[in-house]
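Content type compact mmCIF, C-alpha atoms and all ligand atoms, from the file model.txt:
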# COMPACT_ATOMS: atom_id res chain seq x y z
CA MET A 1 0.00 0.00 0.00
CA GLU A 2 1.41 3.39 -1.06
CA PRO A 3 1.90 5.74 1.88
CA VAL A 4 0.09 9.06 1.59
CA ARG A 5 2.14 12.17 2.40
CA LEU A 6 0.11 14.88 4.18
CA ARG A 7 0.74 18.62 4.12
CA SER A 8 2.64 18.32 7.40
CA GLY A 9 5.01 15.79 5.82
CA ARG A 10 3.51 12.98 7.92
CA GLU A 11 3.09 9.74 5.98
CA VAL A 12 -0.02 7.68 6.61
CA ALA A 13 -1.49 4.46 5.29
CA ILE A 14 -5.17 4.43 4.33
CA ARG A 15 -7.06 1.13 4.16
CA PRO A 16 -10.54 -0.32 4.74
CA ILE A 17 -11.40 -0.92 8.37
CA ARG A 18 -11.28 -4.57 9.53
CA PRO A 19 -13.07 -6.51 12.28
CA ASP A 20 -9.79 -6.81 14.22
CA ASP A 21 -9.59 -2.98 14.41
CA ALA A 22 -12.41 -2.96 17.00
CA PRO A 23 -10.24 -2.63 20.16
CA GLU A 24 -8.05 0.08 18.60
CA LEU A 25 -11.16 1.90 17.36
CA GLN A 26 -12.40 2.02 20.96
CA ALA A 27 -8.99 3.33 22.08
CA ALA A 28 -8.94 5.95 19.29
CA TYR A 29 -12.41 7.11 20.33
CA GLU A 30 -11.24 7.56 23.92
CA ARG A 31 -8.29 9.66 22.71
CA LEU A 32 -10.63 12.18 21.01
CA SER A 33 -11.25 15.48 22.74
CA PRO A 34 -14.80 15.94 24.09
CA GLU A 35 -15.38 18.55 21.36
CA SER A 36 -14.37 16.20 18.52
CA LYS A 37 -16.51 13.40 19.99
CA TYR A 38 -19.48 15.70 20.17
CA ARG A 39 -18.98 17.09 16.67
CA ARG A 40 -18.75 13.60 15.18
CA PHE A 41 -21.28 11.64 17.21
CA MET A 42 -23.52 14.45 18.56
CA SER A 43 -23.02 12.86 21.94
CA GLY A 44 -20.46 13.26 24.67
CA LYS A 45 -20.36 9.65 25.79
CA PRO A 46 -16.91 8.71 27.06
CA ARG A 47 -16.41 5.39 25.26
CA LEU A 48 -17.67 3.09 22.51
CA SER A 49 -19.20 -0.17 23.72
CA THR A 50 -17.96 -3.50 22.37
CA ALA A 51 -21.20 -3.86 20.41
CA GLU A 52 -20.79 -0.39 18.87
CA ALA A 53 -17.16 -1.11 17.95
CA ARG A 54 -18.27 -4.37 16.34
CA TYR A 55 -20.98 -2.57 14.34
CA LEU A 56 -18.44 0.03 13.19
CA THR A 57 -15.81 -2.51 12.07
CA GLN A 58 -17.75 -5.47 10.62
CA LEU A 59 -18.85 -4.01 7.31
CA ASP A 60 -20.05 -5.31 3.97
CA GLY A 61 -17.94 -2.76 2.05
CA SER A 62 -20.82 -1.80 -0.25
CA ASP A 63 -23.70 -0.44 1.86
CA HIS A 64 -21.43 0.33 4.81
CA HIS A 65 -17.83 1.20 4.09
CA ALA A 66 -15.12 2.76 6.25
CA LEU A 67 -11.50 3.72 5.80
CA VAL A 68 -8.92 4.23 8.52
CA ALA A 69 -5.68 6.16 8.43
CA THR A 70 -2.78 4.76 10.44
CA PRO A 71 0.87 5.80 10.59
CA ALA A 72 2.68 4.53 7.48
CA ARG A 73 5.26 2.94 9.77
CA GLY A 74 5.28 1.89 13.39
CA PRO A 75 2.32 1.12 15.67
CA GLN A 76 -0.96 0.74 13.85
CA SER A 77 -2.87 3.29 15.88
CA ILE A 78 -5.95 4.72 14.20
CA LEU A 79 -5.44 8.42 13.41
CA ALA A 80 -8.71 9.04 11.53
CA VAL A 81 -11.82 7.28 10.25
CA GLY A 82 -14.09 8.07 7.31
CA ARG A 83 -17.28 6.15 6.71
CA TYR A 84 -20.42 6.07 4.61
CA ILE A 85 -23.65 4.18 5.15
CA ARG A 86 -26.14 3.80 2.33
CA LEU A 87 -29.60 5.17 3.11
CA LEU A 88 -32.14 2.34 3.01
CA GLU A 89 -34.91 4.62 1.79
CA HIS A 90 -32.68 6.24 -0.90
CA PRO A 91 -30.19 3.56 -2.03
CA GLU A 92 -28.44 5.97 -4.39
CA ALA A 93 -27.47 8.11 -1.39
CA ALA A 94 -25.26 7.55 1.63
CA GLU A 95 -24.58 9.40 4.83
CA PHE A 96 -20.90 10.07 5.43
CA ALA A 97 -18.95 11.07 8.52
CA ILE A 98 -15.30 11.70 9.19
CA VAL A 99 -13.32 12.13 12.36
CA VAL A 100 -9.65 12.98 12.62
CA GLY A 101 -7.75 12.64 15.90
CA ASP A 102 -7.13 16.06 17.43
CA PRO A 103 -3.31 16.06 17.05
CA HIS A 104 -3.67 15.25 13.34
CA GLN A 105 -6.32 17.78 12.34
CA ARG A 106 -5.58 20.44 9.68
CA GLU A 107 -3.08 18.25 7.83
CA GLY A 108 -5.42 17.42 4.93
CA LEU A 109 -6.32 13.99 6.28
CA ALA A 110 -10.10 14.45 6.15
CA ALA A 111 -9.92 15.74 2.57
CA GLU A 112 -7.88 12.69 1.57
CA LEU A 113 -10.31 10.29 3.27
CA LEU A 114 -13.37 11.98 1.81
CA GLU A 115 -11.94 11.83 -1.68
CA ARG A 116 -11.36 8.09 -1.34
CA LEU A 117 -14.76 7.49 0.24
CA ALA A 118 -16.46 9.33 -2.61
CA GLN A 119 -14.56 7.21 -5.11
CA ALA A 120 -15.57 3.96 -3.35
CA ALA A 121 -19.17 5.16 -3.11
CA ARG A 122 -19.36 5.90 -6.84
CA GLU A 123 -18.06 2.41 -7.55
CA HIS A 124 -21.02 1.06 -5.54
CA GLY A 125 -23.63 3.11 -7.38
CA ILE A 126 -23.95 5.89 -4.84
CA LYS A 127 -24.65 9.27 -6.44
CA ARG A 128 -25.23 11.50 -3.45
CA PHE A 129 -23.57 12.03 -0.07
CA THR A 130 -25.44 13.54 2.86
CA ALA A 131 -24.15 14.61 6.25
CA THR A 132 -25.59 16.23 9.33
CA MET A 133 -23.27 18.55 11.20
CA LEU A 134 -23.43 21.26 13.80
CA ALA A 135 -24.16 24.57 12.10
CA ASP A 136 -21.02 26.09 13.69
CA ASN A 137 -18.69 23.26 12.59
CA VAL A 138 -16.55 25.39 10.30
CA ALA A 139 -14.05 22.62 9.49
CA ALA A 140 -16.78 20.18 8.41
CA HIS A 141 -18.50 22.83 6.28
CA ARG A 142 -15.22 23.67 4.56
CA LEU A 143 -14.59 19.99 3.96
CA VAL A 144 -17.96 19.62 2.22
CA ARG A 145 -17.37 22.76 0.18
CA ARG A 146 -14.14 21.24 -1.10
CA LEU A 147 -16.02 18.10 -2.13
CA ALA A 148 -18.75 20.15 -3.79
CA ALA A 149 -16.19 22.18 -5.70
CA GLY A 150 -14.59 18.96 -6.91
CA GLY A 151 -11.22 20.53 -6.23
CA MET A 152 -9.90 17.60 -4.24
CA VAL A 153 -10.83 14.67 -6.45
CA PRO A 154 -7.99 13.84 -8.80
CA HIS A 155 -9.45 10.38 -9.60
CA GLY A 156 -12.70 11.57 -11.11
CA ASP A 157 -14.74 14.59 -12.02
CA GLY A 158 -15.47 15.40 -8.44
CA ALA A 159 -18.78 16.30 -7.00
CA LYS A 160 -21.09 18.99 -8.19
CA VAL A 161 -23.73 20.56 -6.07
CA ALA A 162 -24.04 21.00 -2.33
CA VAL A 163 -27.44 21.80 -0.87
CA GLU A 164 -27.73 22.90 2.73
CA ARG A 165 -30.83 22.72 4.90
CA HIS A 166 -30.72 24.54 8.19
CA LEU A 167 -32.31 22.75 11.13
CA GLY A 168 -31.64 25.01 14.08
CA ALA A 169 -28.26 24.07 15.56
CA LEU A 170 -27.70 21.49 12.80
CA ASP A 171 -27.16 21.69 9.06
CA GLU A 172 -28.07 18.83 6.76
CA ILE A 173 -25.95 18.82 3.62
CA ASP A 174 -26.44 16.97 0.33
CA VAL A 175 -23.60 16.70 -2.18
CA GLU A 176 -24.20 15.25 -5.61
CA LEU A 177 -21.29 13.00 -6.67
CA ALA A 178 -20.43 13.20 -10.34
CA ALA A 179 -20.35 9.92 -12.28
C1 LIG A 201 -13.97 18.13 10.42
C2 LIG A 201 -12.67 17.34 10.47
C3 LIG A 201 -12.97 15.91 10.06
C4 LIG A 201 -11.69 17.98 9.48
O1 LIG A 201 -10.52 17.18 9.47
P1 LIG A 201 -9.09 17.73 9.01
O2 LIG A 201 -8.24 16.57 8.67
O3 LIG A 201 -8.61 18.68 10.02
O4 LIG A 201 -9.48 18.53 7.68
P2 LIG A 201 -8.53 18.93 6.49
O5 LIG A 201 -7.16 19.23 7.02
O6 LIG A 201 -8.63 17.91 5.41
O7 LIG A 201 -9.19 20.28 6.03
C5 LIG A 201 -10.44 20.31 5.36
C6 LIG A 201 -10.93 21.75 5.31
O8 LIG A 201 -11.32 22.17 6.62
C7 LIG A 201 -10.59 23.32 7.04
N1 LIG A 201 -10.37 23.20 8.46
C8 LIG A 201 -9.88 22.13 9.13
N2 LIG A 201 -9.86 22.39 10.45
C9 LIG A 201 -10.35 23.63 10.59
C10 LIG A 201 -10.60 24.47 11.72
N3 LIG A 201 -10.33 24.04 12.97
N4 LIG A 201 -11.13 25.69 11.51
C11 LIG A 201 -11.40 26.13 10.28
N5 LIG A 201 -11.21 25.38 9.15
C12 LIG A 201 -10.68 24.16 9.33
C13 LIG A 201 -9.31 23.26 6.23
O9 LIG A 201 -8.71 24.52 6.13
C14 LIG A 201 -9.84 22.74 4.89
O10 LIG A 201 -10.51 23.77 4.22
P3 LIG A 201 -9.90 24.46 2.90
O11 LIG A 201 -9.71 23.36 1.93
O12 LIG A 201 -10.98 25.42 2.52
O13 LIG A 201 -8.63 25.08 3.36
C15 LIG A 201 -11.99 17.40 11.87
O14 LIG A 201 -11.93 18.74 12.29
C16 LIG A 201 -12.71 16.57 12.91
O15 LIG A 201 -12.49 15.38 13.03
N6 LIG A 201 -13.63 17.22 13.68
C17 LIG A 201 -14.40 16.50 14.68
C18 LIG A 201 -15.42 15.56 14.06
C19 LIG A 201 -16.29 16.26 13.03
O16 LIG A 201 -16.66 17.42 13.18
N7 LIG A 201 -16.64 15.52 11.96
C20 LIG A 201 -17.47 16.06 10.91
C21 LIG A 201 -18.74 15.30 10.81
S1 LIG A 201 -19.03 14.96 9.08
Rendering of file as structure tokens:
Amino acid sequence: MEPVRLRSGREVAIRPIRPDDAPELQAAYERLSPESKYRRFMSGKPRLSTAEARYLTQLDGSDHHALVATPARGPQSILAVGRYIRLLEHPEAAEFAIVVGDPHQREGLAAELLERLAQAAREHGIKRFTATMLADNVAAHRLVRRLAAGGMVPHGDGAKVAVERHLGALDEIDVELAA
């Protein structure tokens, strides 16, 4: 697997999550700041249960797909996770979510994960990504704007349109993925 070099110069490996990642996923969750936990999961709970970790790591790769970033060398700690889950009621759409460990934020890791998730989603017939995020989550909004502009997708044509619906403290965002 080719290492990916981030803006900071850090090299990471990006690969699909595996069932044996469950304990490290729980540990990575516990390492998140309360703010990052809340922004990702809309809840401040301190840890992921074994059942939750199992649900988040035992995937079919088509309707539920997740990528992890780990250091390119050394201990295989999880630095970031990106995931999409197909919407049952709209099978051409999927909800995505990304979380990057606090010490590794602002290095371009989320953009890299989202690009790869969008590529995988297209390959599985998904045409639209949706996400719900806190209205004041500037980083997540900028991430979606990048995807909508298509500026970060060297493997394809990128995505086209982002539609935002404002729901009080939350924004629901739809991004159309180009073929
Ligand atoms: C949102 C999150 C995933 C972004 O991860 P990241 O690896 O830091 O993002 P990137 O470095 O790829 O940057 C993506 C964009 O966000 C911007 N950004 C990142 N952190 C930012 C911050 N703290 N404030 C303002 N903008 C920020 C970057 O500048 C970039 O925008 P640009 O292309 O217009 O310059 C990360 O902050 C995080 O995990 N937050 C907690 C969980 C969360 O909010 N998840 C979103 C739910 S979908």
Mind checking which residues fall within 9 Å of Met42 (chain A), counting all atoms listed in the file, ignoring those fewer than 3 positions away in the same chain, and posting them as a PDB file with C-alpha atoms, in the frame of the given file?
ATOM      1  CA  LYS A  37     -16.510  13.400  19.990  1.00  0.00           C
ATOM      2  CA  TYR A  38     -19.480  15.700  20.170  1.00  0.00           C
ATOM      3  CA  ARG A  39     -18.980  17.090  16.670  1.00  0.00           C
ATOM      4  CA  MET A 133     -23.270  18.550  11.200  1.00  0.00           C
ATOM      5  CA  LEU A 134     -23.430  21.260  13.800  1.00  0.00           C
TER       6      LEU A 134
END
task: For ligand LIG 201 (chain A), list the contacting residues at 8 Å or closer, counting all atoms listed in the file, as a PyMOL selection string.
output: chain A and resi 35-41+80+96-102+104-112+131-134+137-146
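Take the candidates A:Leu113, A:Leu79, A:Ala93, A:Leu67 and check each one against Leu32 (chain A) using all atoms listed in the file; the shortest distance goes to A:Leu79.
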Atomic distance CA of Ile85 (chain A) - CA of Ala120 (chain A), expressed in Å with one decimal: 11.7 Å
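We find CA of Leu48 (chain A) and CA of Ala94 (chain A) to be spaced 22.7 Å apart.
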Protein, DNA and RNA residues within 8 Å of (-21.6, 8.6, -9.0), only C-alpha atoms, as a PDB file with C-alpha atoms, in the coordinates of the input:
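As written to disk, point-v4.pdb reads:
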ATOM      1  CA  ALA A 121     -19.170   5.160  -3.110  1.00  0.00           C
ATOM      2  CA  ARG A 122     -19.360   5.900  -6.840  1.00  0.00           C
ATOM      3  CA  GLU A 123     -18.060   2.410  -7.550  1.00  0.00           C
ATOM      4  CA  GLY A 125     -23.630   3.110  -7.380  1.00  0.00           C
ATOM      5  CA  ILE A 126     -23.950   5.890  -4.840  1.00  0.00           C
ATOM      6  CA  LYS A 127     -24.650   9.270  -6.440  1.00  0.00           C
ATOM      7  CA  ARG A 128     -25.230  11.500  -3.450  1.00  0.00           C
ATOM      8  CA  GLU A 176     -24.200  15.250  -5.610  1.00  0.00           C
ATOM      9  CA  LEU A 177     -21.290  13.000  -6.670  1.00  0.00           C
ATOM     10  CA  ALA A 178     -20.430  13.200 -10.340  1.00  0.00           C
ATOM     11  CA  ALA A 179     -20.350   9.920 -12.280  1.00  0.00           C
TER      12      ALA A 179
END
statement: Among A:Gly44, A:Pro16, A:Pro91, A:Pro103, Ala69 (chain A) is approached most closely, using all atoms listed in the file, by A:Pro16
Minimum-distance residue to Ala13 (chain A), chosen among A:Gly74, A:Gly168, A:Pro46, A:Gly61 (using all atoms listed in the file): A:Gly74
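Comparing the minimum interatomic distances between Ala149 (chain A) and each of A:Glu52, A:Glu30, A:Asp60, A:Glu115, counting only C-alpha atoms, we find that A:Glu115 sits nearest.
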message: Excluding Ala135 (chain A) and its own-chain neighbours fewer than 3 positions away, which residues fall within 6 Å of it when counting all atoms listed in the file? Please give them as a list in words.
response: Ala169, Leu170 and Asp171 of chain A
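Pairwise distance (CA of Leu147 (chain A), CA of Tyr84 (chain A)) equals 14.5 Å.
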